[in-house]
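Participant: Supplied in structure tokens, the structure appears directly below.
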Protein chains: 2
Amino acid sequence: MIGYLNGQYLPQENIVISPEDRGFLFADGIYDVIRSYNGKLFRAKAHLDRLSYGAGALQFNQTDFGYLEPVCERLIQDNRLYRGDAVIYMQVTRGVAPRSHAFPPIETPLTVYATARPFQPHQQEAETGIRVILVPDQRWARCDVKTIGLLANTLAHQRARTSLAAEGLFVRDGAVMEGTHSNVMAVFDGKVITPPRTNYMLAGITREFVLRLCGELSVPFLETPLYESDIRNADELMIVGTTVEVTPVIAVNGENIGSGEPGPLTRKLQMAFHRSVGFAE
Amino acid sequence: MIGYLNGQYLPQENIVISPEDRGFLFADGIYDVIRSYNGKLFRAKAHLDRLSYGAGALQFNQTDFGYLEPVCERLIQDNRLYRGDAVIYMQVTRGVAPRSHAFPPIETPLTVYATARPFQPHQQEAETGIRVILVPDQRWARCDVKTIGLLANTLAHQRARTSLAAEGLFVRDGAVMEGTHSNVMAVFDGKVITPPRTNYMLAGITREFVLRLCGELSVPFLETPLYESDIRNADELMIVGTTVEVTPVIAVNGENIGSGEPGPLTRKLQMAFHRSVGFAE
């Protein structure tokens with residue numbers, strides 16, 4: 001595979017990082033993941049805008065990452081990923097500098113790294129639905145920034161896997177925030193409910209897209225807190241995100257949601273999503 | 001300089017990290033810093049025990065890092081740091097694996113990296129004292145683990161520097177927890193007060209050592225919450241840590257503490273600390 005590092009396209013195995021990269025020493029970096037369908041980037045601008053938002057929040061010396069769109073396209077070409085599904089991973093750190101909590105000199109170049117890989121969608125999970133568990137949200141207070149400080153996410157996700165669940169949903173102070181790498185949506189009485197955008201949640205691009213689909217399909221939706229105590233009474237539950245797309249959730253902590261089968265509104269949104277990205281259903 | 005990576009001693013400039021190291025992608029790692037005085041490691045076992053504690057908390061496949069003590073000693077020798085001050089930085093991550101939130105196979109080797117460098121103590125700050133600011137504690141809920149997920153610390157420290165302060169003190173829910181890379185101690189009516197060990201604070205080795213010095217010097221001390229609303233009424237304030245040792249704090253958010261000069265109890269502990277590490281006063 002060919003990857004990208006600081007302006008160069010290199011065989012992945014030749015790409016190396018300095019141990020003094022602030023991404024390695026301090027988690028002082030941001031990332032994003034773009035899906036491509038048959039070589040076509042999905043919502044690339046929204047992902048690059050989110051990278052810019054994060055770079056601004058972290059006071060990076062550069063916040064415009066529009067130039068990465070052609071980089072992503074070239075990675076798709078160079079890796080011959082123009083058929084089927086792929087994901088482009090992009091990471092930007094504050095660069096390489098002798099270890100010190102204080103920021104390095106403002107002119108220190110950011111480290112910009114990207115890879116493209118074939119992606120195998122989780123067909124089975126999308127069809128039969130997944131089981132999730134609730135996990136205490138131990139993350140920091142700026143979950144709206146997509147930083148590489150993902151340790152709490154990996155620990156929670158691993159805990160889910162160990163419980164034979166496919167995802168963990170973070171609960172902070174009694175409210176369900178999002179998954180470890182997805183957003184969450186519930187259905188109550190025909191209405192889609194999803195937690196509002198706050199500093200405790202990532203503004204998911206698929207989340208935004210699915211809400212737009214709700215609008216187009218005249219499905220009522222509301223951005224309002226989703227309480228832990230209410231979630232078992234949801235008629236349907238789903239997670240949404242770049243890799244999971246729209247995936248039904250059929251059980252939480254071992255208790256069925258609704259009938260324990262993917263719900264009709266979830267299916268409707270899933271199909272609408274697939275149509276949007278060019279799938280034949 | 002000579003550094004250490006996974007069993008090898010290499011020129012620092014030859015040490016490189018894979019971009020798929022989980023330290024770089026997920027902040028999935030821990031670190032520690034040991035000070036050496038004239039080539040002698042200070043409290044090495046306590047630092048390596050803390051590394052073990054962190055490795056256990058993160059469910060690493062290896063939690064005994066006793067073997068790093070001779071590694072630190074060799075780094076001191078190879079880098080000719082047996083005179084004066086030095087710091088040994090050690091970092092352990094969950095290793096290199098294709099990016100996935102779930103843990104890699106249990107047999108994946110950890111990445112173990114260490115460097116030794118000469119250290120220039122902040123003499124001026126230790127003598128005249130420093131100014132600090134209070135910063136909202138936005139960190140995650142497992143501050144007792146010394147992880148490389150330090151973005152909140154670097155942002156807070158930079159904010160302090162921008163305010164012409166030398167350190168930021170984290171305030172969570174009205175209580176002062178610790179500095180961005182130090183612990184905090186206050187003096188009220190001749191008694192040393194320091195926040196109790198919880199999941200919101202690192203168990204500082206210098207903190208522990210200074211409390212032991214208090215005992216030896218018959219200075220009364222108490223581990224109890226230090227409230228933001230009380231801190232301005234402290235008679236003295238100090239930060240303690242591996243690099244700052246015992247450093248007087250003379251102002252918080254621009255307001256003087258006590259007389260605005262380093263206090264007598266702070267000086268007493270500072271001198272006792274210096275004697276312990278073999279300084280002539």
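Chain lettering (A, B, ...) mirrors the order of the structure tokens, residue numbering begins at 1 for each chain separately, and ligand numbering begins at 1 in order of display.
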What's around Pro262 in chain A at 10 Å? Count only C-alpha atoms, leave out sequence neighbours fewer than 5 positions away in its own chain, and write the answer as a list in words.

Facilitator: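 My list of contacting residues is Ala126, Glu127, Thr128, Gly129, Ile130, Asp235, Glu236, Leu237, Met238, Thr247, Pro248, Val249, Ile250, Ala251, Ile257 and Arg267 of chain A.
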
Participant: Which residues in range 131-268 of chain B does DSSP call strand (DSSP E)? List them as a ChimeraX atom specification.

Facilitator: /B:131-136,167-172,175-179,183-188,191-194,221-223,226-227,236-241,245-252,255-256

Participant: Give me, as a tab-separated table (two decimals) with N, CA and C atoms, in the first residue's frame, the contact residues of chain A against chain B at a cut-off of 8 Å, counting only C-alpha atoms.

Facilitator:
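Contents of selection-v8.tsv, freshly written:
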```tsv
chain	number	residue	atom	x	y	z
A	15	ILE	N	7.14	4.31	5.78
A	15	ILE	CA	6.70	5.49	6.53
A	15	ILE	C	7.03	5.30	8.00
A	16	VAL	N	7.80	6.21	8.54
A	16	VAL	CA	8.14	6.14	9.96
A	16	VAL	C	7.93	7.51	10.59
A	17	ILE	N	7.75	7.45	11.90
A	17	ILE	CA	7.44	8.64	12.68
A	17	ILE	C	8.55	8.82	13.71
A	18	SER	N	8.88	10.05	14.00
A	18	SER	CA	9.86	10.31	15.06
A	18	SER	C	9.23	10.01	16.42
A	19	PRO	N	10.02	9.42	17.34
A	19	PRO	CA	9.47	9.24	18.69
A	19	PRO	C	9.24	10.58	19.39
A	23	GLY	N	2.35	13.67	18.46
A	23	GLY	CA	1.28	12.68	18.41
A	23	GLY	C	1.62	11.46	19.24
A	24	PHE	N	2.87	11.08	19.24
A	24	PHE	CA	3.32	9.90	19.99
A	24	PHE	C	3.52	10.21	21.47
A	25	LEU	N	3.98	11.41	21.79
A	25	LEU	CA	4.31	11.76	23.18
A	25	LEU	C	3.13	12.32	23.97
A	26	PHE	N	2.19	13.02	23.28
A	26	PHE	CA	1.18	13.79	24.01
A	26	PHE	C	-0.25	13.60	23.48
A	27	ALA	N	-0.44	12.74	22.48
A	27	ALA	CA	-1.74	12.68	21.80
A	27	ALA	C	-2.15	14.07	21.30
A	28	ASP	N	-1.15	14.83	20.88
A	28	ASP	CA	-1.38	16.21	20.45
A	28	ASP	C	-1.67	16.21	18.96
A	58	LEU	N	-7.26	23.18	18.72
A	58	LEU	CA	-5.94	22.86	19.29
A	58	LEU	C	-4.91	23.95	18.99
A	101	HIS	N	5.74	20.16	27.58
A	101	HIS	CA	4.29	20.39	27.51
A	101	HIS	C	3.95	21.63	26.69
A	102	ALA	N	4.76	22.68	26.83
A	102	ALA	CA	4.48	23.91	26.09
A	102	ALA	C	4.57	23.64	24.59
A	103	PHE	N	3.79	24.41	23.81
A	103	PHE	CA	3.82	24.23	22.36
A	103	PHE	C	5.23	24.51	21.83
A	138	GLN	N	-15.68	7.93	30.53
A	138	GLN	CA	-14.54	8.44	31.31
A	138	GLN	C	-13.71	9.42	30.49
A	139	ARG	N	-14.21	9.79	29.31
A	139	ARG	CA	-13.42	10.64	28.42
A	139	ARG	C	-13.30	12.07	28.94
A	140	TRP	N	-12.47	12.85	28.27
A	140	TRP	CA	-12.30	14.24	28.67
A	140	TRP	C	-13.51	15.07	28.24
A	141	ALA	N	-13.43	16.39	28.44
A	141	ALA	CA	-14.59	17.25	28.23
A	141	ALA	C	-14.67	17.83	26.82
A	142	ARG	N	-13.73	17.46	25.93
A	142	ARG	CA	-13.77	18.02	24.58
A	142	ARG	C	-13.93	16.91	23.53
A	148	ILE	N	-6.64	12.28	18.61
A	148	ILE	CA	-6.10	10.93	18.66
A	148	ILE	C	-6.00	10.42	20.10
A	149	GLY	N	-6.45	11.20	21.06
A	149	GLY	CA	-6.47	10.76	22.46
A	149	GLY	C	-7.65	9.82	22.67
A	150	LEU	N	-7.50	8.59	22.17
A	150	LEU	CA	-8.64	7.66	22.08
A	150	LEU	C	-8.54	6.52	23.08
A	151	LEU	N	-7.68	6.65	24.07
A	151	LEU	CA	-7.49	5.53	24.99
A	151	LEU	C	-8.80	5.11	25.65
A	153	ASN	N	-11.74	5.43	24.53
A	153	ASN	CA	-12.55	4.77	23.51
A	153	ASN	C	-12.10	3.33	23.29
A	154	THR	N	-10.79	3.12	23.21
A	154	THR	CA	-10.31	1.75	22.95
A	154	THR	C	-10.61	0.86	24.15
A	155	LEU	N	-10.46	1.38	25.37
A	155	LEU	CA	-10.75	0.57	26.56
A	155	LEU	C	-12.23	0.19	26.59
A	157	HIS	N	-14.31	0.11	24.01
A	157	HIS	CA	-14.64	-0.79	22.90
A	157	HIS	C	-14.19	-2.21	23.22
A	158	GLN	N	-13.00	-2.34	23.79
A	158	GLN	CA	-12.50	-3.67	24.14
A	158	GLN	C	-13.41	-4.32	25.18
A	161	ARG	N	-16.28	-5.72	23.37
A	161	ARG	CA	-15.90	-6.95	22.67
A	161	ARG	C	-15.80	-8.12	23.64
```

Participant: Give me the residues within 12 Å of Ser36 in chain A as a PyMOL selection string, counting only C-alpha atoms and dropping any in the same chain fewer than 4 places off.

Facilitator: chain A and resi 40-44+69+72-73+75-77+81-89+116-121+242-243+277-278

Participant: Can you pull out the residues contacting Met201 in chain A? Cut-off 8 Å, using only C-alpha atoms, and skip same-chain residues under 2 positions away; I want them as number ranges by chain.

Facilitator: A: 142-144, 177-178, 197-199, 203

Participant: Could you pull the residues within 7 Å of Met1 in chain B, counting only C-alpha atoms, minus those fewer than 2 positions along the same chain, as a compact mmCIF listing (two decimals) with C-alpha atoms, in the first residue's frame?

Facilitator:
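This went into result-v9.txt:
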```
# COMPACT_ATOMS: atom_id res chain seq x y z
CA GLY B 3 18.20 6.04 23.18
CA PRO B 11 21.60 6.84 18.28
CA GLN B 12 18.50 8.94 18.97
CA ASN B 79 25.27 9.31 27.35
```

Participant: Would you work out the distance separating CA of Ser229 in chain A from CA of Leu211 in chain A, expressed in Å to one decimal?

Facilitator: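 CA of Leu211 in chain A lies at a distance of 23.7 Å from CA of Ser229 in chain A.
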
Participant: What does the distance between CA of Tyr9 in chain B and CA of Phe65 in chain B come to in Å, to one decimal place?

Facilitator: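 The value is 17.1 Å.
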